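Student: One file is attached below, upload.cif, containing mmCIF, C-alpha atoms, pLDDT in the B column; chains and numbers go by the auth columns.
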data_protein
#
loop_
_atom_site.group_PDB
_atom_site.id
_atom_site.type_symbol
_atom_site.label_atom_id
_atom_site.label_comp_id
_atom_site.label_asym_id
_atom_site.label_seq_id
_atom_site.Cartn_x
_atom_site.Cartn_y
_atom_site.Cartn_z
_atom_site.B_iso_or_equiv
_atom_site.auth_seq_id
_atom_site.auth_asym_id
ATOM 1 C CA MET A 1 19.548 23.526 25.475 94.00 1 A
ATOM 2 C CA ILE A 2 18.883 22.797 21.836 97.00 2 A
ATOM 3 C CA LEU A 3 17.728 25.284 19.234 97.00 3 A
ATOM 4 C CA VAL A 4 14.507 24.511 17.380 97.00 4 A
ATOM 5 C CA THR A 5 12.514 26.515 14.841 97.00 5 A
ATOM 6 C CA ARG A 6 8.830 27.295 15.043 96.00 6 A
ATOM 7 C CA ILE A 7 6.773 27.021 11.844 94.00 7 A
ATOM 8 C CA ASN A 8 6.814 30.847 11.544 95.00 8 A
ATOM 9 C CA GLY A 9 10.638 30.836 11.509 96.00 9 A
ATOM 10 C CA ALA A 10 11.259 31.980 15.088 97.00 10 A
ATOM 11 C CA VAL A 11 14.123 30.107 16.748 97.00 11 A
ATOM 12 C CA PHE A 12 13.986 29.248 20.448 97.00 12 A
ATOM 13 C CA ALA A 13 15.928 27.137 22.927 97.00 13 A
ATOM 14 C CA LEU A 14 14.356 24.022 24.397 97.00 14 A
ATOM 15 C CA ASN A 15 15.548 21.896 27.293 97.00 15 A
ATOM 16 C CA PRO A 16 15.574 18.351 25.876 97.00 16 A
ATOM 17 C CA ASP A 17 15.417 16.867 29.379 96.00 17 A
ATOM 18 C CA LEU A 18 11.802 18.084 29.577 97.00 18 A
ATOM 19 C CA VAL A 19 10.671 16.385 26.355 97.00 19 A
ATOM 20 C CA GLU A 20 8.182 13.576 26.849 97.00 20 A
ATOM 21 C CA ARG A 21 7.602 12.707 23.192 97.00 21 A
ATOM 22 C CA VAL A 22 8.013 13.897 19.609 98.00 22 A
ATOM 23 C CA GLU A 23 5.394 13.069 16.986 97.00 23 A
ATOM 24 C CA CYS A 24 5.059 13.547 13.254 95.00 24 A
ATOM 25 C CA THR A 25 1.402 14.420 12.503 91.00 25 A
ATOM 26 C CA PRO A 26 2.487 15.531 9.656 91.00 26 A
ATOM 27 C CA ASP A 27 4.106 18.505 11.420 95.00 27 A
ATOM 28 C CA THR A 28 6.599 17.709 14.156 97.00 28 A
ATOM 29 C CA VAL A 29 4.933 18.161 17.539 97.00 29 A
ATOM 30 C CA VAL A 30 7.128 18.229 20.657 98.00 30 A
ATOM 31 C CA THR A 31 5.288 17.489 23.907 97.00 31 A
ATOM 32 C CA LEU A 32 6.948 18.381 27.207 97.00 32 A
ATOM 33 C CA VAL A 33 6.421 16.567 30.491 97.00 33 A
ATOM 34 C CA ASP A 34 4.075 19.337 31.695 97.00 34 A
ATOM 35 C CA GLY A 35 1.847 18.923 28.616 96.00 35 A
ATOM 36 C CA THR A 36 3.111 21.983 26.719 97.00 36 A
ATOM 37 C CA LYS A 37 3.201 21.355 22.975 97.00 37 A
ATOM 38 C CA TYR A 38 5.343 23.013 20.335 97.00 38 A
ATOM 39 C CA ILE A 39 5.092 22.607 16.574 97.00 39 A
ATOM 40 C CA VAL A 40 8.576 22.828 15.106 98.00 40 A
ATOM 41 C CA ALA A 41 9.981 22.932 11.573 97.00 41 A
ATOM 42 C CA GLU A 42 12.594 20.215 12.204 97.00 42 A
ATOM 43 C CA SER A 43 11.723 16.624 11.305 97.00 43 A
ATOM 44 C CA VAL A 44 11.629 13.958 14.025 97.00 44 A
ATOM 45 C CA PRO A 45 15.034 12.509 12.957 97.00 45 A
ATOM 46 C CA GLU A 46 16.576 16.017 12.935 97.00 46 A
ATOM 47 C CA PHE A 47 15.164 16.680 16.409 97.00 47 A
ATOM 48 C CA ILE A 48 16.520 13.367 17.726 97.00 48 A
ATOM 49 C CA ASP A 49 19.947 14.118 16.220 97.00 49 A
ATOM 50 C CA SER A 50 19.944 17.514 17.972 97.00 50 A
ATOM 51 C CA VAL A 51 19.184 15.842 21.310 97.00 51 A
ATOM 52 C CA ARG A 52 21.899 13.209 20.735 97.00 52 A
ATOM 53 C CA HIS A 53 24.455 15.870 19.844 96.00 53 A
ATOM 54 C CA TYR A 54 23.510 17.931 22.917 96.00 54 A
ATOM 55 C CA ARG A 55 23.852 14.974 25.280 95.00 55 A
ATOM 56 C CA ALA A 56 27.104 13.825 23.660 94.00 56 A
ATOM 57 C CA SER A 57 28.531 17.324 24.102 93.00 57 A
ATOM 58 C CA LEU A 58 27.617 17.227 27.814 91.00 58 A
ATOM 59 C CA ILE A 59 29.419 13.914 28.265 90.00 59 A
ATOM 60 C CA ALA A 60 32.460 15.161 26.343 90.00 60 A
ATOM 61 C CA GLN A 61 32.600 18.343 28.406 89.00 61 A
ATOM 62 C CA ALA A 62 32.276 16.416 31.669 86.00 62 A
ATOM 63 C CA SER A 63 35.119 14.089 30.685 84.00 63 A
ATOM 64 C CA ARG A 64 37.411 17.100 30.189 84.00 64 A
ATOM 65 C CA LEU A 65 36.859 18.325 33.756 80.00 65 A
ATOM 66 C CA GLU A 66 39.805 17.697 36.041 67.00 66 A
ATOM 67 C CA PRO A 67 39.089 15.447 39.018 69.00 67 A
ATOM 68 C CA GLU A 68 39.729 16.817 42.483 66.00 68 A
ATOM 69 C CA PRO A 69 43.085 15.794 43.962 63.00 69 A
ATOM 70 C CA ALA A 70 42.950 12.810 46.311 59.00 70 A
ATOM 71 C CA ILE A 71 43.545 13.419 50.016 56.00 71 A
ATOM 72 C CA SER A 72 46.729 11.629 51.033 56.00 72 A
ATOM 73 C CA SER A 73 46.715 11.554 54.830 55.00 73 A
ATOM 74 C CA SER A 74 44.008 10.913 57.400 56.00 74 A
ATOM 75 C CA SER A 75 45.063 13.992 59.440 57.00 75 A
ATOM 76 C CA ASP A 76 44.274 16.186 56.412 58.00 76 A
ATOM 77 C CA LEU A 77 40.888 14.474 56.146 56.00 77 A
ATOM 78 C CA ASP A 78 40.140 15.071 59.836 58.00 78 A
ATOM 79 C CA SER A 79 41.023 18.769 59.641 58.00 79 A
ATOM 80 C CA GLU A 80 38.969 19.179 56.459 57.00 80 A
ATOM 81 C CA LEU A 81 35.923 17.512 58.033 54.00 81 A
ATOM 82 C CA GLU A 82 36.262 19.602 61.187 59.00 82 A
ATOM 83 C CA ALA A 83 36.255 22.767 59.107 61.00 83 A
ATOM 84 C CA LYS A 84 32.989 21.825 57.382 65.00 84 A
ATOM 85 C CA VAL A 85 30.984 20.429 60.326 62.00 85 A
ATOM 86 C CA LEU A 86 28.861 22.881 62.270 62.00 86 A
ATOM 87 C CA PRO A 87 27.474 21.963 65.686 65.00 87 A
ATOM 88 C CA MET A 88 23.676 21.827 65.906 67.00 88 A
ATOM 89 C CA HIS A 89 21.989 23.051 69.071 68.00 89 A
ATOM 90 C CA ARG A 90 18.707 21.507 70.075 69.00 90 A
ATOM 91 C CA LYS A 91 15.925 23.612 71.473 69.00 91 A
ATOM 92 C CA GLU A 92 14.829 22.761 75.008 68.00 92 A
ATOM 93 C CA ARG A 93 11.186 21.694 75.278 62.00 93 A
#
In structure tokens, how does this file's structure come out?
Tutor:
Amino acid sequence: MILVTRINGAVFALNPDLVERVECTPDTVVTLVDGTKYIVAESVPEFIDSVRHYRASLIAQASRLEPEPAISSSSDLDSELEAKVLPMHRKER
């Protein structure tokens, strides 16, 4: 989520993944994919920088996550798969 400021000074969080477009008319108007529009105090370049910073922080955070350890033997893989597979019973017609 990014923080944006309404014209009246109220700050709110906005999911940048839902933004369809941002226009300068002369106020900055943010249009979401569902058609909702917000007029915000930030300029279009400031808004774009906020979205870039948000997405860069997601990538940086994801790169710091530790990968799961690799499974070394096939017998470990078989026992792990057996533990997760549930039998499905079909209904008789």
Student: Would you kindly return, as a PyMOL selection string, each protein, DNA or RNA residue with an atom no farther than 8 Å from any atom of Asp27 (chain A), considering only C-alpha atoms and excluding same-chain residues fewer than 3 positions away?
Tutor: chain A and resi 23-24+39-41+43
Student: Decode the PyMOL selection byres ((chain A and resi 11) around 12) for the given file into explicit residues and return them as a ChimeraX atom specification.
Tutor: /A:2-10,12-14,38-42
Student: Please report the interatomic distance between CA of Gln61 (chain A) and CA of Pro45 (chain A) in Å with one decimal.
Tutor: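 It comes out at 24.1 Å.
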Student: Would you mind reading off the distance between CA of Asp17 (chain A) and CA of Ala56 (chain A), one decimal, in Å?
Tutor: 13.4 Å
Student: If I put a ball of radius 12 Å at (8.6, 12.7, 27.3) in the file's coordinates, which residues poke into it when counting only C-alpha atoms, written as an MDAnalysis selection string?
Tutor: chainID A and resid 15:23 29:37
Student: Would you give the centre and edge lengths, in Å to one decimal, of a box along x, y and z around the listed atoms of region 41-47 of chain A, with 6 Å added to each side, as AutoDock Vina command-line options?
Tutor:
--center_x 13.3 --center_y 17.7 --center_z 13.9 --size_x 18.6 --size_y 22.4 --size_z 17.1
Student: Rounded to one decimal place, report the CA of Ser50 (chain A)-CA of Thr28 (chain A) distance in Å.
Tutor: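 So the two atoms, CA of Ser50 (chain A) and CA of Thr28 (chain A), lie 13.9 Å apart.
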